[in-house]
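The file model_13.cif comes next; it holds mmCIF, C-alpha atoms.
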```
data_model
loop_
_atom_site.label_atom_id
_atom_site.label_comp_id
_atom_site.auth_asym_id
_atom_site.auth_seq_id
_atom_site.Cartn_x
_atom_site.Cartn_y
_atom_site.Cartn_z
CA MET A 1125 3.76 7.62 17.24
CA LYS A 1126 1.47 5.89 19.75
CA ASN A 1127 -1.42 5.81 17.22
CA GLY A 1128 0.86 4.29 14.60
CA LEU A 1129 2.01 1.56 17.01
CA VAL A 1130 -1.59 0.76 17.96
CA LYS A 1131 -2.52 0.43 14.28
CA VAL A 1132 0.41 -1.91 13.65
CA LEU A 1133 -0.49 -4.02 16.69
CA LYS A 1134 -4.11 -4.25 15.55
CA TYR A 1135 -2.95 -5.27 12.09
CA VAL A 1136 -0.61 -7.94 13.52
CA LEU A 1137 -3.37 -9.30 15.79
CA VAL A 1138 -5.80 -9.54 12.89
CA LEU A 1139 -3.18 -11.35 10.80
CA LEU A 1140 -2.43 -13.77 13.65
CA PHE A 1141 -6.13 -14.46 14.12
CA LEU A 1142 -6.62 -15.10 10.39
CA LEU A 1143 -3.58 -17.40 10.34
CA TYR A 1144 -4.91 -19.32 13.36
CA ALA A 1145 -8.39 -19.61 11.82
CA SER A 1146 -6.89 -20.84 8.56
CA ILE A 1147 -4.82 -23.52 10.31
CA VAL A 1148 -7.82 -24.68 12.36
CA ALA A 1149 -10.03 -24.83 9.26
CA GLN A 1150 -7.45 -26.85 7.33
CA THR A 1151 -6.84 -29.39 10.10
CA GLU A 1152 -10.47 -29.80 11.19
CA GLN A 1153 -12.24 -32.94 9.99
CA PHE A 1154 -15.16 -32.50 7.59
CA PRO A 1155 -18.45 -33.34 9.28
CA PRO A 1156 -20.05 -36.49 7.92
CA GLN A 1157 -22.29 -35.87 4.94
CA ARG A 1158 -25.92 -35.76 5.97
CA GLU A 1159 -27.74 -38.92 4.90
CA VAL A 1160 -30.60 -38.02 2.58
CA SER A 1161 -32.74 -40.46 0.64
CA ARG A 1162 -32.78 -40.33 -3.16
CA ASP A 1163 -36.38 -39.07 -3.16
CA SER A 1164 -35.61 -36.35 -0.62
CA LEU A 1165 -32.53 -35.27 -2.53
CA LEU A 1166 -34.58 -35.00 -5.73
CA THR A 1167 -37.22 -33.00 -3.84
CA TYR A 1168 -34.57 -30.56 -2.58
CA ALA A 1169 -33.18 -30.37 -6.13
CA ARG A 1170 -36.64 -29.41 -7.48
CA ILE A 1171 -37.03 -26.69 -4.86
CA ILE A 1172 -33.62 -25.25 -5.73
CA VAL A 1173 -34.26 -25.43 -9.50
CA ASP A 1174 -37.65 -23.75 -9.09
CA SER A 1175 -36.11 -20.90 -7.08
CA SER A 1176 -32.89 -20.59 -9.09
CA ASN A 1177 -32.15 -17.28 -10.71
CA SER A 1178 -29.22 -18.44 -12.82
CA HIS A 1179 -29.33 -21.21 -15.44
CA VAL A 1180 -26.28 -22.21 -17.44
CA LEU A 1181 -25.77 -24.73 -20.24
CA ILE A 1182 -22.21 -26.00 -20.57
CA THR A 1183 -21.13 -27.74 -23.76
CA VAL A 1184 -17.75 -28.93 -25.05
CA ASP A 1185 -16.26 -27.17 -28.09
CA GLU A 1186 -14.24 -28.67 -30.94
CA THR A 1187 -10.98 -28.24 -28.97
CA GLY A 1188 -12.35 -30.07 -25.91
CA LYS A 1189 -12.83 -26.86 -23.90
CA PRO A 1190 -16.01 -26.22 -21.92
CA ARG A 1191 -18.26 -23.38 -23.10
CA ALA A 1192 -20.90 -21.91 -20.80
CA ARG A 1193 -23.84 -19.66 -21.54
CA THR A 1194 -26.94 -18.56 -19.69
CA MET A 1195 -30.11 -20.18 -20.93
CA SER A 1196 -33.79 -20.33 -20.15
CA PRO A 1197 -34.55 -24.03 -19.75
CA PHE A 1198 -38.04 -25.36 -19.22
CA THR A 1199 -38.80 -26.92 -15.83
CA PRO A 1200 -37.25 -30.40 -15.81
CA GLU A 1201 -39.65 -33.23 -16.51
CA GLU A 1202 -40.59 -35.68 -13.75
CA ASP A 1203 -37.72 -37.93 -14.87
CA TRP A 1204 -35.35 -34.91 -14.95
CA THR A 1205 -35.18 -34.66 -18.72
CA ILE A 1206 -34.40 -31.02 -19.49
CA TRP A 1207 -35.58 -29.11 -22.58
CA LEU A 1208 -34.00 -25.94 -23.96
CA GLY A 1209 -34.40 -24.01 -27.20
CA THR A 1210 -31.83 -22.51 -29.55
CA PHE A 1211 -31.04 -21.61 -33.15
CA PRO A 1212 -30.28 -24.66 -35.31
CA THR A 1213 -27.10 -22.90 -36.51
CA SER A 1214 -25.88 -21.80 -33.06
CA ARG A 1215 -22.44 -22.73 -31.75
CA LYS A 1216 -24.05 -24.77 -28.97
CA ALA A 1217 -26.03 -26.81 -31.52
CA GLN A 1218 -22.83 -27.58 -33.44
CA GLN A 1219 -21.01 -28.44 -30.21
CA ILE A 1220 -23.80 -30.83 -29.19
CA LYS A 1221 -23.59 -32.54 -32.61
CA ASN A 1222 -19.84 -33.00 -32.10
CA ASN A 1223 -19.94 -33.93 -28.41
CA PRO A 1224 -23.28 -34.58 -26.66
CA ASN A 1225 -21.85 -34.37 -23.11
CA VAL A 1226 -23.35 -31.34 -21.37
CA VAL A 1227 -24.09 -29.88 -17.95
CA VAL A 1228 -27.12 -27.80 -17.00
CA PHE A 1229 -26.33 -25.76 -13.90
CA TYR A 1230 -28.96 -24.06 -11.72
CA TYR A 1231 -27.94 -21.62 -8.98
CA ASP A 1232 -30.10 -20.00 -6.31
CA SER A 1233 -28.13 -17.08 -4.90
CA LYS A 1234 -30.57 -16.48 -2.03
CA SER A 1235 -30.04 -19.90 -0.47
CA PHE A 1236 -26.46 -20.45 -1.70
CA SER A 1237 -27.62 -23.64 -3.40
CA TYR A 1238 -26.95 -25.27 -6.72
CA VAL A 1239 -28.09 -28.24 -8.78
CA ASN A 1240 -25.74 -29.60 -11.41
CA VAL A 1241 -27.26 -31.99 -13.97
CA SER A 1242 -24.79 -33.72 -16.27
CA GLY A 1243 -26.05 -35.76 -19.16
CA THR A 1244 -26.29 -36.37 -22.86
CA ALA A 1245 -27.87 -33.82 -25.20
CA ARG A 1246 -29.49 -34.27 -28.57
CA LEU A 1247 -31.08 -31.86 -31.01
CA VAL A 1248 -34.79 -32.38 -31.65
CA ASN A 1249 -36.63 -30.84 -34.60
CA ASP A 1250 -40.17 -32.12 -33.96
CA SER A 1251 -43.04 -29.65 -34.64
CA ASP A 1252 -45.26 -30.96 -31.84
CA LEU A 1253 -42.47 -30.81 -29.26
CA LYS A 1254 -41.38 -27.38 -30.51
CA ALA A 1255 -44.96 -26.18 -29.96
CA LYS A 1256 -45.01 -27.72 -26.47
CA TYR A 1257 -41.64 -26.20 -25.49
CA TRP A 1258 -42.19 -22.68 -26.68
CA LYS A 1259 -42.41 -19.28 -25.01
CA GLU A 1260 -44.33 -16.57 -26.86
CA SER A 1261 -41.73 -14.03 -25.74
CA TRP A 1262 -39.25 -15.87 -27.99
CA LYS A 1263 -41.11 -14.88 -31.17
CA ARG A 1264 -38.81 -11.89 -31.62
CA PHE A 1265 -35.72 -14.14 -31.46
CA TYR A 1266 -37.16 -17.00 -33.52
CA PRO A 1267 -39.58 -15.36 -35.99
CA ASP A 1268 -40.22 -18.67 -37.79
CA ARG A 1269 -40.48 -21.42 -35.18
CA ASP A 1270 -40.28 -24.11 -37.88
CA THR A 1271 -36.90 -23.02 -39.26
CA ASP A 1272 -35.33 -20.68 -36.67
CA TYR A 1273 -35.85 -22.83 -33.58
CA ILE A 1274 -34.65 -26.25 -32.49
CA LEU A 1275 -34.87 -28.07 -29.18
CA VAL A 1276 -32.10 -29.44 -27.05
CA GLU A 1277 -33.11 -32.47 -25.01
CA VAL A 1278 -30.81 -33.32 -22.10
CA THR A 1279 -31.11 -36.85 -20.73
CA PRO A 1280 -29.70 -36.80 -17.19
CA GLU A 1281 -26.95 -39.14 -16.06
CA ARG A 1282 -25.98 -37.55 -12.74
CA LEU A 1283 -27.48 -34.86 -10.55
CA GLU A 1284 -25.52 -33.14 -7.77
CA VAL A 1285 -26.98 -30.90 -5.08
CA CYS A 1286 -25.12 -28.54 -2.81
CA SER A 1287 -27.01 -26.27 -0.43
CA PHE A 1288 -26.11 -24.31 2.64
CA LYS A 1289 -29.78 -23.65 3.30
CA TYR A 1290 -30.66 -27.36 3.41
CA ASN A 1291 -27.32 -28.48 4.87
CA LEU A 1292 -26.46 -30.57 1.83
CA LEU A 1293 -22.70 -30.19 1.66
CA TRP A 1294 -19.65 -31.97 0.31
CA ASP A 1295 -18.07 -35.02 1.86
CA LYS A 1296 -14.42 -35.14 2.93
CA ASP A 1297 -13.40 -35.69 -0.71
CA GLY A 1298 -15.33 -32.62 -1.91
CA ILE A 1299 -18.16 -34.62 -3.47
CA PRO A 1300 -21.69 -33.26 -2.98
CA PRO A 1301 -24.76 -35.46 -2.50
CA SER A 1302 -25.78 -36.91 -5.84
CA VAL A 1303 -28.20 -39.11 -7.74
CA GLU A 1304 -27.12 -41.39 -10.56
CA PHE A 1305 -29.66 -41.99 -13.32
CA ASP A 1306 -29.82 -45.38 -15.01
CA PHE A 1307 -28.42 -44.86 -18.51
CA SER A 1308 -30.77 -47.50 -19.94
CA GLY A 1309 -33.68 -45.12 -19.54
CA ASN A 1310 -34.81 -46.13 -16.04
CA LYS A 1311 -34.63 -42.84 -14.23
#
```

Rewrite the structure from the file as C-alpha coordinates, please.
Amino acid sequence: MKNGLVKVLKYVLVLLFLLYASIVAQTEQFPPQREVSRDSLLTYARIIVDSSNSHVLITVDETGKPRARTMSPFTPEEDWTIWLGTFPTSRKAQQIKNNPNVVVFYYDSKSFSYVNVSGTARLVNDSDLKAKYWKESWKRFYPDRDTDYILVEVTPERLEVCSFKYNLLWDKDGIPPSVEFDFSGNK
(Lines of atoms letter the chains of each structure in order from A and count residues from 1; the text may use other names and numbers.)
(Lines give C-alpha, C1' and ligand atoms only; values in the text may rest on other atoms or scores of the structure.)
Protein backbone atom coordinates (compact mmCIF):
# COMPACT_ATOMS: atom_id res chain seq x y z
CA MET A 1 0.00 0.00 0.00
CA LYS A 2 2.82 2.38 0.95
CA ASN A 3 4.65 1.69 -2.36
CA GLY A 4 1.47 2.38 -4.31
CA LEU A 5 0.95 5.71 -2.51
CA VAL A 6 4.57 6.73 -3.17
CA LYS A 7 4.14 5.95 -6.87
CA VAL A 8 0.95 8.02 -7.05
CA LEU A 9 2.62 10.93 -5.25
CA LYS A 10 5.59 10.79 -7.61
CA TYR A 11 3.22 10.75 -10.57
CA VAL A 12 1.26 13.74 -9.21
CA LEU A 13 4.47 15.68 -8.55
CA VAL A 14 5.73 15.04 -12.07
CA LEU A 15 2.39 16.17 -13.51
CA LEU A 16 2.42 19.32 -11.37
CA PHE A 17 5.98 20.11 -12.46
CA LEU A 18 5.09 19.61 -16.14
CA LEU A 19 2.00 21.81 -15.74
CA TYR A 20 4.08 24.53 -14.06
CA ALA A 21 6.78 24.32 -16.75
CA SER A 22 4.14 24.55 -19.47
CA ILE A 23 2.53 27.64 -17.92
CA VAL A 24 5.92 29.33 -17.48
CA ALA A 25 6.91 28.54 -21.08
CA GLN A 26 3.64 29.92 -22.44
CA THR A 27 3.77 33.17 -20.46
CA GLU A 28 7.49 33.86 -20.89
CA GLN A 29 8.42 36.49 -23.47
CA PHE A 30 10.37 35.35 -26.53
CA PRO A 31 13.94 36.63 -26.43
CA PRO A 32 14.65 39.22 -29.09
CA GLN A 33 15.79 37.73 -32.37
CA ARG A 34 19.55 37.91 -32.72
CA GLU A 35 20.57 40.60 -35.19
CA VAL A 36 22.54 39.04 -38.03
CA SER A 37 23.63 40.78 -41.21
CA ARG A 38 22.38 39.54 -44.57
CA ASP A 39 25.87 38.31 -45.51
CA SER A 40 26.29 36.47 -42.20
CA LEU A 41 22.87 34.88 -42.51
CA LEU A 42 23.72 33.68 -46.02
CA THR A 43 27.04 32.30 -44.72
CA TYR A 44 25.23 30.36 -41.97
CA ALA A 45 22.74 29.13 -44.58
CA ARG A 46 25.60 27.80 -46.75
CA ILE A 47 27.14 25.98 -43.80
CA ILE A 48 23.79 24.36 -42.96
CA VAL A 49 23.08 23.42 -46.60
CA ASP A 50 26.57 21.91 -46.97
CA SER A 51 26.10 19.79 -43.84
CA SER A 52 22.44 18.92 -44.40
CA ASN A 53 21.52 15.28 -44.65
CA SER A 54 17.94 15.79 -45.81
CA HIS A 55 16.87 17.65 -48.96
CA VAL A 56 13.24 18.04 -49.94
CA LEU A 57 11.56 19.62 -52.96
CA ILE A 58 7.99 20.76 -52.34
CA THR A 59 5.71 21.48 -55.29
CA VAL A 60 2.00 22.25 -55.57
CA ASP A 61 -0.25 19.68 -57.26
CA GLU A 62 -3.27 20.28 -59.49
CA THR A 63 -5.60 20.47 -56.47
CA GLY A 64 -3.46 23.12 -54.73
CA LYS A 65 -2.00 20.65 -52.21
CA PRO A 66 1.71 20.60 -51.41
CA ARG A 67 3.70 17.53 -52.46
CA ALA A 68 7.10 16.79 -50.94
CA ARG A 69 9.82 14.40 -52.02
CA THR A 70 13.45 13.88 -51.16
CA MET A 71 15.84 15.04 -53.85
CA SER A 72 19.53 15.39 -54.51
CA PRO A 73 20.00 19.04 -55.46
CA PHE A 74 23.30 20.45 -56.60
CA THR A 75 25.02 22.93 -54.28
CA PRO A 76 23.23 26.27 -54.68
CA GLU A 77 24.95 28.76 -56.95
CA GLU A 78 26.53 31.90 -55.50
CA ASP A 79 23.24 33.74 -56.11
CA TRP A 80 21.30 30.85 -54.49
CA THR A 81 19.87 29.50 -57.72
CA ILE A 82 19.25 25.79 -57.12
CA TRP A 83 19.48 23.05 -59.76
CA LEU A 84 17.85 19.62 -59.55
CA GLY A 85 17.32 16.82 -62.04
CA THR A 86 14.26 14.70 -62.80
CA PHE A 87 12.39 12.78 -65.48
CA PRO A 88 10.62 15.06 -67.99
CA THR A 89 7.42 13.04 -67.44
CA SER A 90 7.57 13.02 -63.62
CA ARG A 91 4.71 14.32 -61.48
CA LYS A 92 6.97 17.08 -60.14
CA ALA A 93 7.74 18.26 -63.70
CA GLN A 94 4.01 18.45 -64.49
CA GLN A 95 3.33 20.23 -61.19
CA ILE A 96 6.04 22.81 -61.94
CA LYS A 97 4.52 23.42 -65.40
CA ASN A 98 1.14 24.04 -63.74
CA ASN A 99 2.40 26.02 -60.74
CA PRO A 100 6.05 27.14 -60.55
CA ASN A 101 5.95 28.00 -56.81
CA VAL A 102 8.25 25.61 -54.95
CA VAL A 103 10.25 25.23 -51.76
CA VAL A 104 13.62 23.50 -51.41
CA PHE A 105 14.14 22.47 -47.79
CA TYR A 106 17.51 21.48 -46.31
CA TYR A 107 17.74 19.97 -42.82
CA ASP A 108 20.84 19.20 -40.76
CA SER A 109 19.77 16.84 -37.98
CA LYS A 110 23.09 17.10 -36.13
CA SER A 111 22.78 20.83 -35.51
CA PHE A 112 18.96 21.01 -35.47
CA SER A 113 19.14 23.55 -38.30
CA TYR A 114 17.22 24.13 -41.48
CA VAL A 115 17.29 26.35 -44.54
CA ASN A 116 14.06 26.89 -46.43
CA VAL A 117 14.36 28.40 -49.93
CA SER A 118 11.10 29.39 -51.58
CA GLY A 119 11.08 30.47 -55.17
CA THR A 120 9.98 29.95 -58.73
CA ALA A 121 10.92 26.82 -60.67
CA ARG A 122 11.23 26.24 -64.38
CA LEU A 123 12.13 23.21 -66.44
CA VAL A 124 15.32 23.49 -68.48
CA ASN A 125 16.19 21.14 -71.34
CA ASP A 126 19.58 22.53 -72.39
CA SER A 127 22.28 19.95 -73.32
CA ASP A 128 25.18 22.01 -71.98
CA LEU A 129 23.48 22.65 -68.65
CA LYS A 130 22.37 19.01 -68.42
CA ALA A 131 26.03 18.01 -68.87
CA LYS A 132 27.10 20.51 -66.20
CA TYR A 133 24.45 19.37 -63.70
CA TRP A 134 24.91 15.65 -63.98
CA LYS A 135 26.02 12.90 -61.62
CA GLU A 136 27.46 9.75 -63.19
CA SER A 137 25.66 7.67 -60.57
CA TRP A 138 22.39 8.78 -62.20
CA LYS A 139 23.14 6.88 -65.42
CA ARG A 140 21.13 3.90 -64.17
CA PHE A 141 18.08 6.12 -63.55
CA TYR A 142 18.43 8.23 -66.70
CA PRO A 143 20.02 5.92 -69.31
CA ASP A 144 19.67 8.54 -72.07
CA ARG A 145 20.53 11.94 -70.60
CA ASP A 146 19.15 13.71 -73.69
CA THR A 147 15.62 12.29 -73.41
CA ASP A 148 15.28 10.83 -69.89
CA TYR A 149 16.61 13.79 -67.92
CA ILE A 150 15.52 17.39 -67.47
CA LEU A 151 16.68 20.11 -65.10
CA VAL A 152 14.67 22.06 -62.60
CA GLU A 153 16.01 25.55 -61.98
CA VAL A 154 14.77 27.24 -58.81
CA THR A 155 15.17 31.01 -58.67
CA PRO A 156 15.06 32.03 -55.00
CA GLU A 157 12.65 34.61 -53.67
CA ARG A 158 13.03 34.08 -49.92
CA LEU A 159 15.45 32.15 -47.75
CA GLU A 160 14.74 31.35 -44.09
CA VAL A 161 17.25 29.99 -41.59
CA CYS A 162 16.52 28.42 -38.24
CA SER A 163 19.33 26.95 -36.17
CA PHE A 164 19.73 25.99 -32.56
CA LYS A 165 23.46 25.53 -33.09
CA TYR A 166 23.94 29.10 -34.34
CA ASN A 167 21.21 30.63 -32.16
CA LEU A 168 19.16 31.73 -35.15
CA LEU A 169 15.63 31.34 -33.86
CA TRP A 170 12.13 32.66 -34.47
CA ASP A 171 10.88 36.04 -33.38
CA LYS A 172 7.82 36.49 -31.15
CA ASP A 173 5.58 35.94 -34.20
CA GLY A 174 7.27 32.65 -35.09
CA ILE A 175 9.19 34.08 -38.05
CA PRO A 176 12.79 32.90 -38.49
CA PRO A 177 15.61 35.12 -39.77
CA SER A 178 15.26 35.51 -43.52
CA VAL A 179 16.66 37.04 -46.69
CA GLU A 180 14.46 38.39 -49.45
CA PHE A 181 15.83 38.13 -52.99
CA ASP A 182 15.07 40.86 -55.50
CA PHE A 183 12.62 39.34 -57.97
CA SER A 184 14.06 41.42 -60.82
CA GLY A 185 17.15 39.25 -60.84
CA ASN A 186 19.30 41.25 -58.40
CA LYS A 187 20.08 38.64 -55.80

(request) Work out how far apart atom CA of A:Arg1162 and atom CA of A:Pro1300 are and give it in Å to one decimal. (result)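 These atoms are spaced 13.2 Å apart.
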
(request) Report as a PyMOL selection string the full result of the PyMOL selection byres ((chain A and resi 1198-1205) around 7) when it is applied to this structure. (result) chain A and resi 1196-1197+1206-1208+1277-1280+1311

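Rounded to one decimal, atom CA of A:Ala1245 and atom CA of A:Asn1223 lie 8.6 Å from each other.
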
(request) To verify the selection step, state as a count of residues only which residues the PyMOL selection byres ((chain A and resi 1225-1238) around 7) yields on this input. (result) 25

(message) Can you spell out as a PyMOL selection string the set of residues that the PyMOL selection byres ((chain A and resi 1166) around 10) selects in the structure I just provided?
(response) chain A and resi 1160-1165+1167-1172+1204+1239+1283-1285+1302-1303

(request) Give me, please, the distance in Å between atom CA of A:Gly1209 and atom CA of A:Asp1250, quoted to one decimal. (result) 12.0 Å

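Ranking A:Ile1299, A:Asp1306, A:Lys1221, A:Asp1268 by their shortest atom-to-atom distance to A:Glu1281, with only C-alpha atoms included, puts A:Asp1306 first.
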
(message) With distances taken over only C-alpha atoms, which residue among A:Glu1159, A:Lys1254, A:Phe1305, A:Lys1263 lies nearest A:Arg1282?
(response)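 Of A:Glu1159, A:Lys1254, A:Phe1305, A:Lys1263, the one nearest A:Arg1282, counting only C-alpha atoms, is A:Phe1305.
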
(request) Could you tell me which of A:Met1195, A:Ile1274, A:Val1184, A:Leu1253 comes closest to A:Ser1214 if we count all atoms listed in the file? (result)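 Answer, going by the shortest atom-to-atom distance: A:Ile1274.
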
(message) Here is a test: counting only C-alpha atoms, which residue of A:Arg1246, A:Ser1261, A:Asn1222, A:Arg1269 is nearest to A:Thr1187?
(response) A:Asn1222

(request) Could you give me, as a list in words, the residues within 12 Å of A:Thr1271, counting only C-alpha atoms and dropping anything in the same chain fewer than 5 positions from it? (result)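 Everything that qualifies: Thr1210, Phe1211, Pro1212, Thr1213, Asn1249, Asp1250, Ser1251, Lys1254, Phe1265 and Tyr1266 of chain A.
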
Around all listed atoms of stretch 1250-1269 of chain A, padded 4 Å per side, what centre and edge lengths does the axis-aligned box have in Å to one decimal, as AutoDock Vina command-line options?
```
--center_x -40.5 --center_y -22.0 --center_z -31.4 --size_x 17.5 --size_y 28.2 --size_z 20.8
```
